[in-house]
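A short write-up of the structure that comes next.
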Amino acid sequence: MYLAKVIGVVVSTHKEETLRGEKILLVQPIDTNEDPTGNSQVVIDTVGAGAGEMVLVATGSSARQVFQNPQAPIDAAIVGIVDYVEVTG
Amino acid sequence: MYLAKVIGVVVSTHKEETLRGEKILLVQPIDTNEDPTGNSQVVIDTVGAGAGEMVLVATGSSARQVFQNPQAPIDAAIVGIVDYVEVTG
Amino acid sequence: MYLAKVIGVVVSTHKEETLRGEKILLVQPIDTNEDPTGNSQVVIDTVGAGAGEMVLVATGSSARQVFQNPQAPIDAAIVGIVDYVEVTG
Amino acid sequence: MYLAKVIGVVVSTHKEETLRGEKILLVQPIDTNEDPTGNSQVVIDTVGAGAGEMVLVATGSSARQVFQNPQAPIDAAIVGIVDYVEVTG
Amino acid sequence: MYLAKVIGVVVSTHKEETLRGEKILLVQPIDTNEDPTGNSQVVIDTVGAGAGEMVLVATGSSARQVFQNPQAPIDAAIVGIVDYVEVTG
């Protein structure tokens with residue numbers, strides 16, 4: 001899982017049947033200073049995240065476990081909105 | 001999932017049985033400015049994408065869920081044609 | 001699997017139902033000299049690891065096998081506290 | 001999936017039981033100009049590929065679907081011999 | 001799968017129940033010239049590999065197929081001892 005910030009929306013009217021109704025967002029992975037790390041990613045939202053919010057993204061087969069249809073071709077999902085990160089070490 | 005542009009076709013007559021009839025495309029991952037990021041990838045098309053179109057690619061075991069034969073050795077699939085990306089953040 | 005050091009906590013009150021009660025930690029991957037390698041990662045703790053401890057992290061679908069609910073969207077988990085690493089080669 | 005060229009053979013007499021009889025090849029990932037990209041990888045052949053041939057490699061859990069024993073520890077497989085790649089975009 | 005050299009042992013007394021009794025090794029990925037590539041990795045041994053030996057490592061869900069308990073959180077395993085690599089291309 002990684003930290004990211006919601007930076008946009010992907011609009012796709014012609015898509016795989018099992019993705020209909022899913023909210024497709026663009027996120028920017030960030031580090032603990034909220035600086036961008038690597039390229040933006042496309043993810044499906046499961047928690048109602050909004051633009052600019054810091055979120056937690058799960059990837060791979062783990063990401064699609066929480067959808068009504070676990071056979072949807074989803075490999076990345078927002079699974080939490082982050083209140084804050086406490087760096088201690 | 002990631003954004004990509006369809007840039008070619010891979011022709012393979014001698015291939016694994018379960019891949020027969022699948023359209024094998026070459027895509028270039030892109031960022032939100034449509035600039036290339038990283039190497040081109042080989043993916044299977046599920047939505048009828050054409051050359052030059054911006055698409056959404058799913059990877060890993062998630063990619064093969066949507067095929068008639070989920071035991072096909074497919075680890076990347078085009079699952080949507082992207083109308084546009086709205087960057088808000 | 002990789003070696004990492006626990007460097008923080010991620011607080012998320014609004015998250016996917018199956019993640020409730022899980023301890024979400026921030027870890028820094030390290031090499032055998034305990035120097036950082038790459039970006040920090042978000043993981044779920046299964047062994048009661050504390051701040052500053054060296055731990056072993058498992059990733060992907062393997063990471064979620066050990067949770068009560070294997071359908072939780074978890075793609076990285078601390079599966080051991082490392083006493084020491086003996087480099088011989 | 002990615003394009004690669006077969007560049008060698010890995011000989012291992014002492015190996016996991018389920019890998020007995022499998023042909024273990026070394027491949028070099030390549031781009032559309034057939035230039036090398038990244039490190040060589042070890043893959044299992046399913047289509048009778050020979051040295052120097054351009055092939056299509058599938059990875060992850062998808063790679064092991066096509067083997068008689070889908071519980072073999074195989075995370076990369078040659079699933080097609082590439083006749084040619086047509087770059088259009 | 002990738003080639004690696006066994007370079008150490010990871011000692012962890014407090015770990016996930018399903019890992020008890022497993023030999024946890026540290027390996028250095030190498031190229032065909034036996035030069036190191038990237039960071040060291042932590043893997044579980046299935047074939048009795050020793051320090052300094054060249055081995056074959058499988059990753060992801062494929063890695064845990066060969067263990068008595070396929071629900072163990074193992075994402076990388078040594079599945080063969082390499083006699084030699086013959087580079088032909």
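Note on naming: chains are A, B, ... as they come in the structure tokens, residues start from 1 per chain, ligands start from 1 in the order shown.
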Given a cut-off of 12 Å, which residues of chain B touch chain C, counting only C-alpha atoms, written out as a VMD selection string?
chain B and resid 60 to 62
Which residues in range 22-72 of chain B does DSSP call helix (DSSP H, G or I)? List them as a PDB file with C-alpha atoms, in the first residue's frame.
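result-v8.pdb written:
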```
ATOM      1  CA  GLY B  60      -1.680  -8.792 -12.970  1.00  0.00           C
ATOM      2  CA  SER B  61      -4.280 -11.434 -12.121  1.00  0.00           C
ATOM      3  CA  SER B  62      -6.925  -8.700 -12.306  1.00  0.00           C
ATOM      4  CA  ALA B  63      -6.299  -8.383 -16.044  1.00  0.00           C
ATOM      5  CA  ARG B  64      -7.380 -11.913 -16.854  1.00  0.00           C
TER       6      ARG B  64
END
```
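Excluding Asn69 in chain C itself and same-chain residues fewer than 4 positions from it, the residues having an atom within 12 Å of it are Ser62, Gln65 and Val66 of chain A; Glu17, Thr18, Leu19, Arg20, Gly21, Glu22, Ala63, Arg64, Gln65, Pro73 and Ile74 of chain C, counting only C-alpha atoms.
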I'd like the contact shell of Thr88 in chain B - 7 Å cut-off, only C-alpha atoms, skipping same-chain residues fewer than 5 positions apart - returned as a list in words.
Ile7, Gly8 and Ala51 of chain A
Please, can I see chain A fitted onto chain D by all in-order Cα atoms (least squares), as a CSV table (one decimal) with C-alpha atoms, in the first residue's frame?
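Dumped everything to out20.csv:
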```csv
chain,number,residue,atom,x,y,z
A,1,MET,CA,3.4,-9.0,-21.0
A,2,TYR,CA,6.7,-8.0,-22.6
A,3,LEU,CA,8.8,-8.6,-25.7
A,4,ALA,CA,12.1,-10.4,-25.1
A,5,LYS,CA,14.8,-12.4,-27.0
A,6,VAL,CA,15.9,-15.9,-25.9
A,7,ILE,CA,19.6,-15.5,-24.9
A,8,GLY,CA,20.4,-18.7,-23.0
A,9,VAL,CA,19.6,-21.7,-20.9
A,10,VAL,CA,19.6,-22.2,-17.1
A,11,VAL,CA,20.7,-25.7,-16.0
A,12,SER,CA,19.5,-26.7,-12.5
A,13,THR,CA,19.6,-30.4,-11.6
A,14,HIS,CA,18.6,-29.9,-8.0
A,15,LYS,CA,15.2,-28.0,-8.0
A,16,GLU,CA,11.7,-28.0,-6.8
A,17,GLU,CA,9.9,-31.3,-7.7
A,18,THR,CA,7.2,-29.5,-9.8
A,19,LEU,CA,9.8,-27.9,-12.1
A,20,ARG,CA,11.2,-31.3,-13.3
A,21,GLY,CA,11.0,-31.5,-17.1
A,22,GLU,CA,10.4,-27.8,-17.6
A,23,LYS,CA,12.7,-25.9,-20.0
A,24,ILE,CA,14.2,-23.0,-18.1
A,25,LEU,CA,15.4,-20.2,-20.4
A,26,LEU,CA,17.1,-16.9,-20.0
A,27,VAL,CA,15.6,-14.0,-21.9
A,28,GLN,CA,16.5,-10.4,-22.4
A,29,PRO,CA,13.6,-7.9,-22.4
A,30,ILE,CA,13.7,-5.7,-25.6
A,31,ASP,CA,11.9,-2.6,-26.9
A,32,THR,CA,10.3,-2.3,-30.3
A,33,ASN,CA,13.8,-1.6,-31.9
A,34,GLU,CA,15.0,-4.9,-30.4
A,35,ASP,CA,17.3,-2.9,-28.0
A,36,PRO,CA,17.7,-4.4,-24.5
A,37,THR,CA,15.7,-2.9,-21.7
A,38,GLY,CA,16.6,-3.8,-18.1
A,39,ASN,CA,18.1,-7.0,-16.8
A,40,SER,CA,17.7,-10.5,-18.2
A,41,GLN,CA,15.0,-12.7,-16.7
A,42,VAL,CA,14.5,-16.4,-16.1
A,43,VAL,CA,11.3,-17.9,-17.7
A,44,ILE,CA,9.8,-21.3,-18.5
A,45,ASP,CA,9.1,-22.1,-22.1
A,46,THR,CA,5.6,-23.3,-23.1
A,47,VAL,CA,5.9,-23.0,-26.9
A,48,GLY,CA,9.2,-24.5,-28.0
A,49,ALA,CA,11.1,-21.2,-28.4
A,50,GLY,CA,14.8,-21.4,-29.6
A,51,ALA,CA,17.9,-19.3,-29.1
A,52,GLY,CA,17.7,-15.8,-30.6
A,53,GLU,CA,13.9,-15.9,-31.2
A,54,MET,CA,11.7,-12.9,-30.3
A,55,VAL,CA,9.1,-14.1,-27.8
A,56,LEU,CA,6.2,-12.8,-25.7
A,57,VAL,CA,6.5,-13.3,-21.9
A,58,ALA,CA,3.7,-13.4,-19.4
A,59,THR,CA,4.3,-12.9,-15.7
A,60,GLY,CA,2.9,-13.4,-12.2
A,61,SER,CA,0.1,-15.8,-11.4
A,62,SER,CA,-1.0,-15.6,-15.0
A,63,ALA,CA,2.2,-17.3,-16.2
A,64,ARG,CA,1.5,-20.5,-14.3
A,65,GLN,CA,-2.1,-21.1,-15.6
A,66,VAL,CA,-1.0,-22.9,-18.6
A,67,PHE,CA,1.1,-25.6,-17.0
A,68,GLN,CA,-0.1,-29.1,-16.3
A,69,ASN,CA,0.6,-28.4,-12.6
A,70,PRO,CA,-0.7,-24.9,-11.9
A,71,GLN,CA,0.9,-25.2,-8.4
A,72,ALA,CA,4.4,-25.1,-9.9
A,73,PRO,CA,6.4,-22.1,-8.6
A,74,ILE,CA,6.5,-20.4,-12.0
A,75,ASP,CA,6.1,-16.6,-12.2
A,76,ALA,CA,7.2,-16.0,-15.9
A,77,ALA,CA,6.5,-18.0,-19.0
A,78,ILE,CA,7.1,-17.7,-22.8
A,79,VAL,CA,3.6,-17.8,-24.2
A,80,GLY,CA,4.2,-16.9,-27.9
A,81,ILE,CA,6.9,-16.7,-30.6
A,82,VAL,CA,6.7,-13.2,-32.2
A,83,ASP,CA,6.6,-13.1,-36.0
A,84,TYR,CA,6.9,-9.3,-36.1
A,85,VAL,CA,5.8,-6.2,-34.3
A,86,GLU,CA,4.0,-3.5,-36.3
A,87,VAL,CA,4.5,-0.1,-34.8
A,88,THR,CA,1.8,2.3,-36.0
A,89,GLY,CA,1.6,5.1,-33.5
```
Could you find all residues in chain E that DSSP calls strand (DSSP E or B) from the backbone, and write them as a PyMOL selection string?
chain E and resi 2-11+14-15+24-30+36+41-45+54-59+76-81+84-87
